[in-house]
Every structure is written in C-alpha cells, then in structure tokens.
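Asker: Next up, work_18.txt (compact mmCIF, C-alpha atoms).
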# COMPACT_ATOMS: atom_id res chain seq x y z
CA MET A 169 -26.50 32.44 -26.20
CA ALA A 170 -28.68 35.36 -25.16
CA SER A 171 -31.37 33.03 -23.84
CA SER A 172 -28.78 31.18 -21.74
CA LEU A 173 -27.58 34.43 -20.16
CA ALA A 174 -31.16 35.50 -19.55
CA ARG A 175 -32.05 32.23 -17.86
CA SER A 176 -28.91 32.50 -15.73
CA LEU A 177 -29.84 36.02 -14.64
CA LYS A 178 -33.37 34.93 -13.73
CA LYS A 179 -31.93 32.26 -11.47
CA ILE A 180 -29.55 34.56 -9.65
CA SER A 181 -31.97 35.97 -7.13
CA SER A 182 -33.50 32.56 -6.39
CA HIS A 183 -30.28 30.93 -5.21
CA ALA A 184 -29.87 31.05 -1.46
CA SER A 185 -26.51 30.59 0.18
CA SER A 186 -25.81 26.98 1.07
CA PRO A 187 -23.04 25.51 3.25
CA TRP A 188 -20.20 23.64 1.56
CA ARG A 189 -20.43 19.88 1.90
CA TYR A 190 -17.24 18.15 2.87
CA PHE A 191 -17.03 14.47 2.02
CA SER A 192 -15.84 12.10 4.72
CA THR A 193 -14.05 9.66 2.42
CA SER A 194 -10.26 9.58 2.59
CA SER A 195 -9.79 7.80 -0.73
CA SER A 196 -7.63 9.23 -3.49
CA SER A 197 -7.01 8.57 -7.15
CA SER A 198 -4.19 9.21 -9.60
CA LEU A 199 -5.09 12.35 -11.57
CA ASN A 200 -3.34 14.68 -13.93
CA LEU A 201 -3.65 18.42 -13.43
CA TYR A 202 -6.57 19.11 -15.75
CA SER A 203 -8.56 16.24 -14.22
CA ALA A 204 -7.92 17.60 -10.72
CA ILE A 205 -9.19 21.01 -11.82
CA ASN A 206 -12.24 19.35 -13.37
CA GLN A 207 -12.90 17.54 -10.09
CA ALA A 208 -12.60 20.81 -8.14
CA LEU A 209 -15.11 22.50 -10.44
CA HIS A 210 -17.57 19.63 -10.01
CA ILE A 211 -17.26 19.89 -6.22
CA ALA A 212 -17.61 23.69 -6.25
CA MET A 213 -20.77 23.54 -8.34
CA ASP A 214 -22.26 20.64 -6.42
CA SER A 215 -21.62 22.23 -3.01
CA ASP A 216 -22.96 25.70 -3.87
CA PRO A 217 -25.89 26.24 -6.28
CA ARG A 218 -24.84 29.88 -6.66
CA THR A 219 -21.75 28.82 -8.63
CA TYR A 220 -21.66 29.43 -12.40
CA VAL A 221 -18.96 28.41 -14.90
CA PHE A 222 -18.69 30.09 -18.30
CA GLY A 223 -16.27 31.18 -20.99
CA GLU A 224 -15.26 30.40 -24.56
CA ASP A 225 -16.05 26.73 -25.41
CA VAL A 226 -16.58 25.93 -21.72
CA GLY A 227 -19.91 24.25 -22.45
CA PHE A 228 -18.10 21.78 -24.71
CA GLY A 229 -15.46 20.96 -22.10
CA GLY A 230 -12.93 23.67 -22.98
CA VAL A 231 -9.88 23.41 -25.23
CA PHE A 232 -7.97 21.66 -22.44
CA ARG A 233 -11.01 19.63 -21.28
CA CYS A 234 -11.04 21.17 -17.80
CA THR A 235 -14.81 21.69 -17.86
CA THR A 236 -15.74 18.29 -19.30
CA GLY A 237 -19.06 16.99 -18.00
CA LEU A 238 -20.08 20.14 -16.14
CA ALA A 239 -22.83 21.21 -18.55
CA ASP A 240 -24.28 17.68 -18.66
CA ARG A 241 -24.41 17.46 -14.88
CA PHE A 242 -25.39 20.99 -13.86
CA GLY A 243 -27.24 22.21 -16.92
CA LYS A 244 -26.76 24.94 -19.48
CA ASP A 245 -28.17 27.58 -17.13
CA ARG A 246 -25.07 27.25 -14.93
CA VAL A 247 -22.43 26.15 -17.45
CA PHE A 248 -22.45 27.94 -20.78
CA ASN A 249 -20.41 29.26 -23.67
CA THR A 250 -19.82 32.96 -24.27
CA PRO A 251 -18.93 35.05 -27.32
CA LEU A 252 -15.24 35.59 -28.07
CA CYS A 253 -15.11 38.74 -25.95
CA GLU A 254 -12.91 38.63 -22.87
CA GLN A 255 -14.01 42.07 -21.72
CA GLY A 256 -17.63 40.93 -21.86
CA ILE A 257 -16.91 37.64 -20.12
CA VAL A 258 -15.27 39.32 -17.14
CA GLY A 259 -17.72 42.22 -17.08
CA PHE A 260 -20.67 39.83 -16.91
CA ALA A 261 -18.86 37.81 -14.22
CA ILE A 262 -18.32 40.91 -12.08
CA GLY A 263 -22.03 41.67 -12.18
CA LEU A 264 -22.93 38.08 -11.40
CA ALA A 265 -20.54 38.02 -8.42
CA ALA A 266 -21.78 41.42 -7.21
CA MET A 267 -25.25 39.90 -6.86
CA GLY A 268 -24.00 37.28 -4.39
CA ASN A 269 -23.06 34.48 -6.76
CA ARG A 270 -19.79 32.70 -7.49
CA ALA A 271 -18.69 33.35 -11.05
CA VAL A 272 -15.90 31.04 -12.23
CA VAL A 273 -14.86 32.24 -15.67
CA GLU A 274 -12.30 30.83 -18.06
CA ILE A 275 -10.08 32.95 -20.26
CA GLN A 276 -9.00 30.41 -22.88
CA PHE A 277 -5.33 31.47 -22.81
CA ALA A 278 -3.67 33.96 -20.48
CA ASP A 279 -2.31 35.70 -23.58
CA TYR A 280 -5.88 36.85 -24.32
CA ILE A 281 -6.66 38.24 -20.89
CA PHE A 282 -5.61 41.75 -21.88
CA PRO A 283 -8.93 42.81 -23.50
CA ALA A 284 -10.40 42.24 -20.01
CA PHE A 285 -7.64 44.21 -18.28
CA ASP A 286 -9.82 47.27 -17.65
CA GLN A 287 -12.64 45.19 -16.17
CA ILE A 288 -10.23 43.31 -13.89
CA VAL A 289 -8.08 46.25 -12.78
CA ASN A 290 -10.55 49.15 -12.70
CA GLU A 291 -13.75 47.31 -11.81
CA ALA A 292 -13.19 43.97 -10.04
CA ALA A 293 -10.18 45.06 -7.98
CA LYS A 294 -11.78 48.32 -6.83
CA PHE A 295 -15.42 47.26 -6.41
CA ARG A 296 -15.28 46.81 -2.64
CA TYR A 297 -13.01 49.79 -1.97
CA ARG A 298 -14.96 52.38 -3.94
CA SER A 299 -18.25 51.40 -2.27
CA GLY A 300 -16.85 51.60 1.24
CA ASN A 301 -17.35 47.83 1.61
CA GLN A 302 -21.07 48.10 0.87
CA PHE A 303 -20.71 46.01 -2.28
CA ASN A 304 -18.15 43.54 -3.58
CA CYS A 305 -17.50 41.03 -6.35
CA GLY A 306 -15.50 38.66 -4.15
CA GLY A 307 -17.22 35.67 -5.71
CA LEU A 308 -15.24 36.19 -8.92
CA THR A 309 -12.59 33.65 -9.93
CA ILE A 310 -10.78 33.91 -13.26
CA ARG A 311 -9.14 30.70 -14.45
CA THR A 312 -6.64 30.83 -17.30
CA PRO A 313 -3.82 28.60 -18.64
CA TYR A 314 -0.44 30.33 -18.77
CA GLY A 315 3.16 29.65 -19.69
CA ALA A 316 5.20 27.64 -22.15
CA VAL A 317 3.83 24.53 -23.79
CA GLY A 318 6.60 23.64 -26.25
CA HIS A 319 4.92 24.92 -29.41
CA GLY A 320 2.72 27.86 -28.43
CA GLY A 321 4.73 30.77 -29.81
CA HIS A 322 4.11 34.34 -28.76
CA TYR A 323 0.28 34.17 -28.49
CA HIS A 324 -0.13 30.96 -26.50
CA SER A 325 2.85 30.93 -24.10
CA GLN A 326 2.94 34.14 -22.09
CA SER A 327 3.11 34.47 -18.30
CA PRO A 328 1.33 37.75 -17.45
CA GLU A 329 0.99 37.26 -13.69
CA ALA A 330 3.13 40.29 -12.79
CA PHE A 331 0.68 42.70 -14.46
CA PHE A 332 -1.97 41.77 -11.90
CA CYS A 333 0.35 41.57 -8.89
CA HIS A 334 0.61 45.36 -9.12
CA VAL A 335 -3.12 45.78 -8.42
CA PRO A 336 -4.45 46.04 -4.83
CA GLY A 337 -7.74 44.18 -4.44
CA LEU A 338 -6.80 41.07 -6.42
CA LYS A 339 -5.31 37.73 -5.42
CA VAL A 340 -3.05 35.80 -7.78
CA VAL A 341 -2.68 32.04 -7.32
CA ILE A 342 -0.57 29.55 -9.33
CA PRO A 343 -0.47 25.79 -8.49
CA ARG A 344 2.42 23.43 -9.24
CA SER A 345 0.66 20.04 -9.28
CA PRO A 346 -2.75 18.28 -9.41
CA LYS A 347 -3.19 18.02 -5.63
CA GLN A 348 -2.24 21.65 -5.18
CA ALA A 349 -4.46 22.74 -8.07
CA LYS A 350 -7.60 21.15 -6.66
CA GLY A 351 -7.17 22.49 -3.12
CA LEU A 352 -6.07 25.95 -4.20
CA LEU A 353 -8.84 26.30 -6.80
CA LEU A 354 -11.52 25.43 -4.24
CA SER A 355 -10.00 27.98 -1.85
CA SER A 356 -9.91 30.59 -4.62
CA ILE A 357 -13.55 30.04 -5.57
CA ARG A 358 -14.63 30.35 -1.95
CA ASP A 359 -12.36 33.26 -1.05
CA PRO A 360 -14.23 36.55 -0.45
CA ASN A 361 -11.99 38.39 -2.91
CA PRO A 362 -11.57 38.28 -6.70
CA VAL A 363 -8.87 35.76 -7.60
CA LEU A 364 -6.86 35.16 -10.76
CA PHE A 365 -5.99 31.47 -10.95
CA PHE A 366 -3.22 30.80 -13.46
CA GLU A 367 -2.91 27.16 -14.54
CA PRO A 368 0.42 25.85 -15.93
CA LYS A 369 -0.78 24.30 -19.19
CA TRP A 370 2.51 22.48 -19.68
CA LEU A 371 1.47 20.32 -16.71
CA TYR A 372 -2.18 19.71 -17.66
CA ARG A 373 -1.39 16.14 -18.72
CA LEU A 374 2.27 15.82 -17.76
CA SER A 375 1.89 16.21 -13.99
CA VAL A 376 0.22 13.20 -12.32
CA GLU A 377 -0.10 12.38 -8.63
CA GLU A 378 -2.47 11.00 -6.02
CA VAL A 379 -5.26 13.48 -5.34
CA PRO A 380 -7.82 13.10 -2.51
CA GLU A 381 -11.30 12.65 -3.93
CA HIS A 382 -13.02 14.54 -1.13
CA ASP A 383 -13.65 18.27 -0.84
CA TYR A 384 -10.59 20.00 0.62
CA MET A 385 -9.03 23.45 0.52
CA LEU A 386 -5.42 24.59 0.78
CA PRO A 387 -4.73 27.96 2.40
CA LEU A 388 -3.93 30.92 0.20
CA SER A 389 -0.92 33.17 0.91
CA GLU A 390 1.02 30.31 2.51
CA ALA A 391 4.23 29.32 0.79
CA GLU A 392 5.49 25.75 1.11
CA VAL A 393 9.04 24.55 1.64
CA ILE A 394 9.05 21.52 -0.65
CA ARG A 395 12.76 20.78 -0.26
CA GLU A 396 14.85 21.73 2.75
CA GLY A 397 18.44 22.92 2.44
CA SER A 398 21.10 25.08 4.06
CA ASP A 399 23.23 26.74 1.35
CA ILE A 400 20.79 28.65 -0.86
CA THR A 401 17.04 29.40 -1.07
CA LEU A 402 15.21 28.97 -4.38
CA VAL A 403 11.75 30.51 -4.88
CA GLY A 404 9.37 29.82 -7.75
CA TRP A 405 5.78 28.90 -8.67
CA GLY A 406 3.81 26.85 -11.14
CA ALA A 407 5.53 24.72 -13.77
CA GLN A 408 8.91 26.26 -13.00
CA LEU A 409 9.07 24.34 -9.70
CA SER A 410 9.77 21.02 -11.44
CA VAL A 411 12.64 22.60 -13.41
CA MET A 412 14.07 24.12 -10.25
CA GLU A 413 13.81 20.83 -8.38
CA GLN A 414 15.87 19.11 -11.06
CA ALA A 415 18.52 21.81 -10.65
CA CYS A 416 18.48 21.27 -6.86
CA ILE A 417 19.07 17.54 -7.33
CA ASP A 418 22.04 18.18 -9.64
CA ALA A 419 23.42 20.83 -7.27
CA GLU A 420 23.32 18.30 -4.43
CA LYS A 421 25.68 16.09 -6.41
CA ASP A 422 28.20 18.94 -6.15
CA GLY A 423 27.66 19.26 -2.42
CA ILE A 424 25.28 22.25 -2.54
CA SER A 425 22.22 22.02 -0.28
CA CYS A 426 19.25 23.86 -1.79
CA GLU A 427 16.03 24.89 -0.06
CA LEU A 428 13.15 25.09 -2.55
CA ILE A 429 10.01 27.14 -1.84
CA ASP A 430 6.75 27.12 -3.78
CA LEU A 431 5.17 30.55 -3.35
CA LYS A 432 1.72 29.31 -4.56
CA THR A 433 0.06 32.69 -3.92
CA LEU A 434 1.84 35.66 -5.48
CA ILE A 435 -0.47 38.33 -4.05
CA PRO A 436 -0.56 38.54 -1.07
CA TRP A 437 2.67 36.52 -0.92
CA ASP A 438 4.18 34.82 2.11
CA LYS A 439 7.16 37.04 2.91
CA GLU A 440 7.73 35.46 6.30
CA THR A 441 8.47 31.96 4.99
CA VAL A 442 10.89 33.25 2.36
CA GLU A 443 12.56 35.58 4.85
CA ALA A 444 13.06 32.80 7.39
CA SER A 445 14.67 30.61 4.75
CA VAL A 446 16.99 33.33 3.47
CA ARG A 447 18.07 34.19 7.02
CA LYS A 448 19.11 30.54 7.32
CA THR A 449 20.85 30.11 3.95
CA GLY A 450 22.10 33.65 3.30
CA ARG A 451 21.40 33.35 -0.43
CA LEU A 452 18.36 33.68 -2.70
CA LEU A 453 17.59 32.66 -6.27
CA ILE A 454 14.23 33.36 -7.95
CA SER A 455 13.09 31.82 -11.23
CA HIS A 456 10.04 32.38 -13.44
CA GLU A 457 9.14 32.08 -17.13
CA ALA A 458 8.02 35.71 -17.54
CA PRO A 459 10.58 38.27 -18.79
CA ILE A 460 13.08 39.28 -16.13
CA THR A 461 12.43 43.04 -16.28
CA GLY A 462 9.40 43.92 -14.16
CA GLY A 463 8.75 40.27 -13.33
CA PHE A 464 7.45 39.37 -9.89
CA GLY A 465 10.90 38.08 -9.03
CA ALA A 466 12.03 41.70 -8.81
CA GLU A 467 9.46 42.38 -6.09
CA ILE A 468 10.59 39.35 -4.12
CA SER A 469 14.22 40.39 -4.50
CA ALA A 470 13.58 43.95 -3.31
CA SER A 471 11.53 42.82 -0.32
CA ILE A 472 14.10 40.27 0.84
CA VAL A 473 16.97 42.73 0.45
CA GLU A 474 15.04 45.16 2.67
CA ARG A 475 14.41 42.48 5.28
CA CYS A 476 17.63 40.42 5.14
CA PHE A 477 20.34 42.76 3.87
CA LEU A 478 22.81 42.05 6.65
CA ARG A 479 22.29 38.28 6.35
CA LEU A 480 22.91 38.00 2.60
CA GLU A 481 26.17 36.35 1.54
CA ALA A 482 25.68 37.14 -2.17
CA PRO A 483 23.52 39.29 -4.46
CA VAL A 484 20.03 37.94 -5.13
CA SER A 485 19.98 35.98 -8.38
CA ARG A 486 17.13 35.87 -10.92
CA VAL A 487 16.86 33.25 -13.67
CA CYS A 488 13.92 34.21 -15.84
CA GLY A 489 12.61 34.54 -19.37
CA LEU A 490 14.33 36.95 -21.72
CA ASP A 491 13.17 40.49 -22.42
CA THR A 492 11.74 39.54 -25.81
CA PRO A 493 8.36 38.44 -27.13
CA PHE A 494 7.92 34.73 -26.46
CA PRO A 495 9.59 32.96 -29.41
CA LEU A 496 8.54 29.80 -31.24
CA VAL A 497 11.62 27.99 -32.58
CA PHE A 498 13.87 29.75 -30.06
CA GLU A 499 11.79 28.73 -27.04
CA PRO A 500 14.60 26.54 -25.58
CA PHE A 501 16.89 29.59 -25.53
CA TYR A 502 14.22 31.81 -23.98
CA LEU A 503 13.18 29.59 -21.09
CA PRO A 504 14.95 29.50 -17.69
CA THR A 505 16.20 25.92 -18.02
CA LYS A 506 17.67 23.54 -15.48
CA ASN A 507 21.22 24.25 -16.63
CA LYS A 508 20.74 28.02 -16.39
CA ILE A 509 19.43 27.62 -12.85
CA LEU A 510 22.25 25.23 -11.91
CA ASP A 511 24.87 27.68 -13.17
CA ALA A 512 23.24 30.47 -11.16
CA ILE A 513 23.16 28.29 -8.02
CA LYS A 514 26.90 27.60 -8.30
CA SER A 515 27.72 31.23 -9.07
CA THR A 516 25.71 32.48 -6.09
CA VAL A 517 27.11 29.93 -3.64
CA ASN A 518 30.68 30.62 -4.79
CA TYR A 519 30.31 34.41 -4.78
Written as structure tokens, how would this file's structure read?
Answerer:
Amino acid sequence: MASSLARSLKKISSHASSPWRYFSTSSSSSLNLYSAINQALHIAMDSDPRTYVFGEDVGFGGVFRCTTGLADRFGKDRVFNTPLCEQGIVGFAIGLAAMGNRAVVEIQFADYIFPAFDQIVNEAAKFRYRSGNQFNCGGLTIRTPYGAVGHGGHYHSQSPEAFFCHVPGLKVVIPRSPKQAKGLLLSSIRDPNPVLFFEPKWLYRLSVEEVPEHDYMLPLSEAEVIREGSDITLVGWGAQLSVMEQACIDAEKDGISCELIDLKTLIPWDKETVEASVRKTGRLLISHEAPITGGFGAEISASIVERCFLRLEAPVSRVCGLDTPFPLVFEPFYLPTKNKILDAIKSTVNY
C-alpha cells in the first residue's frame, strides 16, 4: 500500500496537462448505471494521465463493480486500494488535487463519509478561498453511493447530501439514470471545483438505457424538465425521480397535469428553471429520501416562496423521509413512496 502511494506521488510532477479527447463515434449501447459510471471513469483516465482513482477495494473493482478493469488497464500506480480510513482517503486526495492532478476518490457508502467531514468542509471547500485563489484542489471528485437499497438498514441507506449543500466551495451532483451519470460524472471530474458525486445505488443495476459510447459532458447547475405540465411542479433528484414520475402518471389519470424537474446539481442549483415552472403552475412539491427536517427540500421551498410568493396557489409541499434513523424492516414506511406523493399532489392541487 505504502509503495503504491509513493509511486503515485513520484509520478505527480511528471504528468503534464493534456487535452481531453472527444470520440467522433455516435454509437450507443444499453448500459445500466454502474456500467455507465465505469465507462466514464475509463474515459476520464484515458483522456487525462493526471487522473487517479482510489478508495477502499477500488483496485478490485469496488463493492458495486464501478471500477472494474481500471487497475488492469491503467496500472496500480493510478488505480489503487487504500486503508479503511475515509479521512485519510480524502486528505490524500486533496493534496493530490492541489498539485495539479485529478483525484477521483470513492467513499464506499455515503453513510461512511462522515469521518472525512472535516477534510471536505474545512480543507477542500476552503482551499481556494483561504489562499486568495493562489492554490486550489478543484481536481477533487468524491464519488459515493447513497440512498435506499431495500435491505441496507441505518448504515447503508442514508442520504447525507444536505450536510454538504450548506458548505460554500463545494458542488453536489446527483444523477438519475445511466446516460445522466456518465455525462455528469465527466463534467464533475473536469470541473475546476471540488465535487461530491452521489450515486443512487438502488439504480446501479435497475436503471438501464441507451448511453452514447463517446466522450460527452452534461452541464452542471442546469435542471431539466423531464415531464411538462400545467397544474403542479414536482422537483427531485436521483432515484426519487422514478418514484415521482410514477406518481405523475397516476395523477394524470385523475386529470392533474404535473411538471417534473430533475435538479441534477444541488449546489449551485438552478433556481431559474424551478422558478419559471412554479410561476406557470402556481404549486410546488419537493420529494427526497433524506429526513424532512433540514433536508435540501427546505432550501428549495424557502427560495421559491421568496421568489414566487404572489404566484403560489397553495403552500409548498414536501414528501420526504421521516425524522428517524433509517430503518431496516420499516423501510417501506420511511420512504417517500408513490402513494404518498400522489396524495400530496391531490391535496396541493385541491387546496
């Protein structure tokens, strides 16, 4: 382990910046979410020799197989395992990024990101600011699987995104599908700021779609209207989008037209797209898996009330996780399900 880190450090200064190579092919293939992430990591490492990937079990492919084949292709100097020490993983990554490299680290589960909280919040987020823009660790990307998985209990199911949305200097990105995951991850790796990239592990194998094989990036901080409507605006991110879409389909059967927005980037988030939609519909519903109190839905609600108060036809509704530790056998009661969202849609429209 120590020799791998030493070899990596020796290579740092020898890597010159190289332009990203964009492939001309327009072909695509059917991929699930973890395969799309794996493809993005291959492209990122192939297009920039300054890119390193490391974390717990990453050299073996990772517990969700997202890093499969990387060590074989790019070598153990650039893809390597670390000790079980999240603070050390992120601390090393900050130093690597500060020296002009791209450090893509994996925290095995988002539930275990908290030992690295000080490094992320007090070091990575403030590195550029405290040096007066003389130094930065913008090449840092932290990947981590988050959210419910059906059997994870309270240590493998949490959604801690709101903790980091309170920190200036960080970006927080959450994809909803394989195509989105690949494009957003490549943008995150190449963004000049530290990015936390939360991956919905429920969708690693469940979500499958056609994904372009070439190198492409999707813009950060741009929300997407994935379903247009006129009666109520729904806002979500990650795995919750599929649940919300099912609720929209059922609501349509009752004559309610729902506009569904995928926020994609939580910080900095696209206020303009959400505001424009709410000005049209007059109603807003936000849904996320994290507990309702202090969740990022509260920030969205407050911002939209400030911007659209006179246009609102009903109070802003939030359908979220409960204010309890994430349960095991009671997971179905904890989660913001389709029926809970549907009831909230009807209640808001009929207010």
Asker: One decimal, in Å: what's the spacing between atom CA of Tyr314 of chain A and atom CA of Tyr202 of chain A?
Answerer: 13.1 Å
Asker: In Å, how far is it from atom CA of Glu390 of chain A to atom CA of Trp405 of chain A?
Answerer: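 Distance reported for this atom pair: 12.2 Å.
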Asker: Kindly indicate which residue among A:Phe464, A:Pro483, A:Ala265, A:Asp245 lies nearest to Phe332 of chain A, using only C-alpha atoms for the distances.
Answerer: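 Checking each candidate against Phe332 of chain A, we get A:Phe464 as the closest.
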Asker: Would you mind telling me which residue in A:Glu457, A:Ala266, A:Pro436, A:Ser198 lies nearest to Ser299 of chain A when using all atoms listed in the file?
Answerer: A:Ala266
Asker: Could you check how far atom CA of Ile435 of chain A sits from atom CA of Val341 of chain A, in Å to one decimal?
Answerer: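 Atom-to-atom, atom CA of Ile435 of chain A and atom CA of Val341 of chain A are spaced 7.4 Å apart.
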Asker: As a PyMOL selection string, please: the residues near Lys294 of chain A (cut-off 12 Å, only C-alpha atoms, same-chain neighbours under 2 positions excluded).
Answerer: chain A and resi 262+286-292+296-301+303-306+335-338+361-362
Asker: Considering only C-alpha atoms, state which residue in the set A:Thr449, A:Gln326, A:Thr461, A:Asn269 is at the smallest distance from Leu496 of chain A.
Answerer: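 Comparing A:Thr449, A:Gln326, A:Thr461, A:Asn269 against Leu496 of chain A, the winner is A:Gln326.
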Asker: Taking all atoms listed in the file into account, which of A:Met267, A:Met385, A:Cys253, A:Ile310 comes nearest Ala212 of chain A?
Answerer: A:Met385
Asker: Could you rebuild segment 305-331 of chain A with N, CA and C atoms and give me the result as a short mmCIF file (atom, residue, chain, number, x, y, z; two decimals), in the frame of the given file?
Answerer:
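What follows is the written file result_11.cif:
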data_model
loop_
_atom_site.label_atom_id
_atom_site.label_comp_id
_atom_site.auth_asym_id
_atom_site.auth_seq_id
_atom_site.Cartn_x
_atom_site.Cartn_y
_atom_site.Cartn_z
N CYS A 305 -17.39 42.11 -5.37
CA CYS A 305 -17.50 41.03 -6.35
C CYS A 305 -16.52 39.93 -5.98
N GLY A 306 -16.45 39.65 -4.67
CA GLY A 306 -15.50 38.66 -4.15
C GLY A 306 -15.76 37.25 -4.64
N GLY A 307 -16.93 36.99 -5.19
CA GLY A 307 -17.22 35.67 -5.71
C GLY A 307 -16.64 35.40 -7.08
N LEU A 308 -15.83 36.31 -7.58
CA LEU A 308 -15.24 36.19 -8.92
C LEU A 308 -13.93 35.41 -8.88
N THR A 309 -13.83 34.37 -9.72
CA THR A 309 -12.59 33.65 -9.93
C THR A 309 -12.34 33.56 -11.43
N ILE A 310 -11.14 33.96 -11.85
CA ILE A 310 -10.78 33.91 -13.26
C ILE A 310 -9.71 32.84 -13.45
N ARG A 311 -10.09 31.77 -14.13
CA ARG A 311 -9.14 30.70 -14.45
C ARG A 311 -8.55 30.95 -15.84
N THR A 312 -7.24 30.70 -15.98
CA THR A 312 -6.64 30.83 -17.30
C THR A 312 -5.33 30.06 -17.37
N PRO A 313 -5.10 29.31 -18.46
CA PRO A 313 -3.82 28.60 -18.64
C PRO A 313 -2.72 29.57 -19.07
N TYR A 314 -1.54 29.42 -18.49
CA TYR A 314 -0.44 30.33 -18.77
C TYR A 314 0.83 29.53 -19.07
N GLY A 315 1.82 30.21 -19.60
CA GLY A 315 3.16 29.65 -19.69
C GLY A 315 3.45 28.83 -20.93
N ALA A 316 4.70 28.39 -21.00
CA ALA A 316 5.20 27.64 -22.15
C ALA A 316 4.50 26.30 -22.28
N VAL A 317 4.44 25.83 -23.53
CA VAL A 317 3.83 24.53 -23.79
C VAL A 317 4.64 23.75 -24.82
N GLY A 318 5.74 24.34 -25.30
CA GLY A 318 6.60 23.64 -26.25
C GLY A 318 6.39 24.03 -27.69
N HIS A 319 5.22 24.58 -28.01
CA HIS A 319 4.92 24.92 -29.41
C HIS A 319 3.92 26.06 -29.51
N GLY A 320 3.78 26.86 -28.47
CA GLY A 320 2.72 27.86 -28.43
C GLY A 320 3.06 29.18 -29.10
N GLY A 321 4.36 29.49 -29.22
CA GLY A 321 4.73 30.77 -29.81
C GLY A 321 4.30 31.94 -28.95
N HIS A 322 4.28 33.13 -29.56
CA HIS A 322 4.11 34.34 -28.76
C HIS A 322 2.67 34.65 -28.39
N TYR A 323 1.67 33.90 -28.87
CA TYR A 323 0.28 34.17 -28.49
C TYR A 323 -0.35 33.05 -27.66
N HIS A 324 0.42 32.04 -27.32
CA HIS A 324 -0.13 30.96 -26.50
C HIS A 324 0.88 30.48 -25.46
N SER A 325 1.77 31.36 -25.00
CA SER A 325 2.85 30.93 -24.10
C SER A 325 3.19 31.93 -23.01
N GLN A 326 2.51 33.07 -22.99
CA GLN A 326 2.94 34.14 -22.09
C GLN A 326 2.59 33.86 -20.62
N SER A 327 3.33 34.55 -19.75
CA SER A 327 3.11 34.47 -18.30
C SER A 327 2.88 35.89 -17.78
N PRO A 328 1.62 36.34 -17.78
CA PRO A 328 1.33 37.75 -17.45
C PRO A 328 1.01 38.02 -15.99
N GLU A 329 1.42 37.12 -15.09
CA GLU A 329 0.99 37.26 -13.69
C GLU A 329 1.42 38.57 -13.05
N ALA A 330 2.61 39.08 -13.44
CA ALA A 330 3.13 40.29 -12.79
C ALA A 330 2.25 41.51 -13.04
N PHE A 331 1.57 41.57 -14.19
CA PHE A 331 0.68 42.70 -14.46
C PHE A 331 -0.36 42.86 -13.35
#
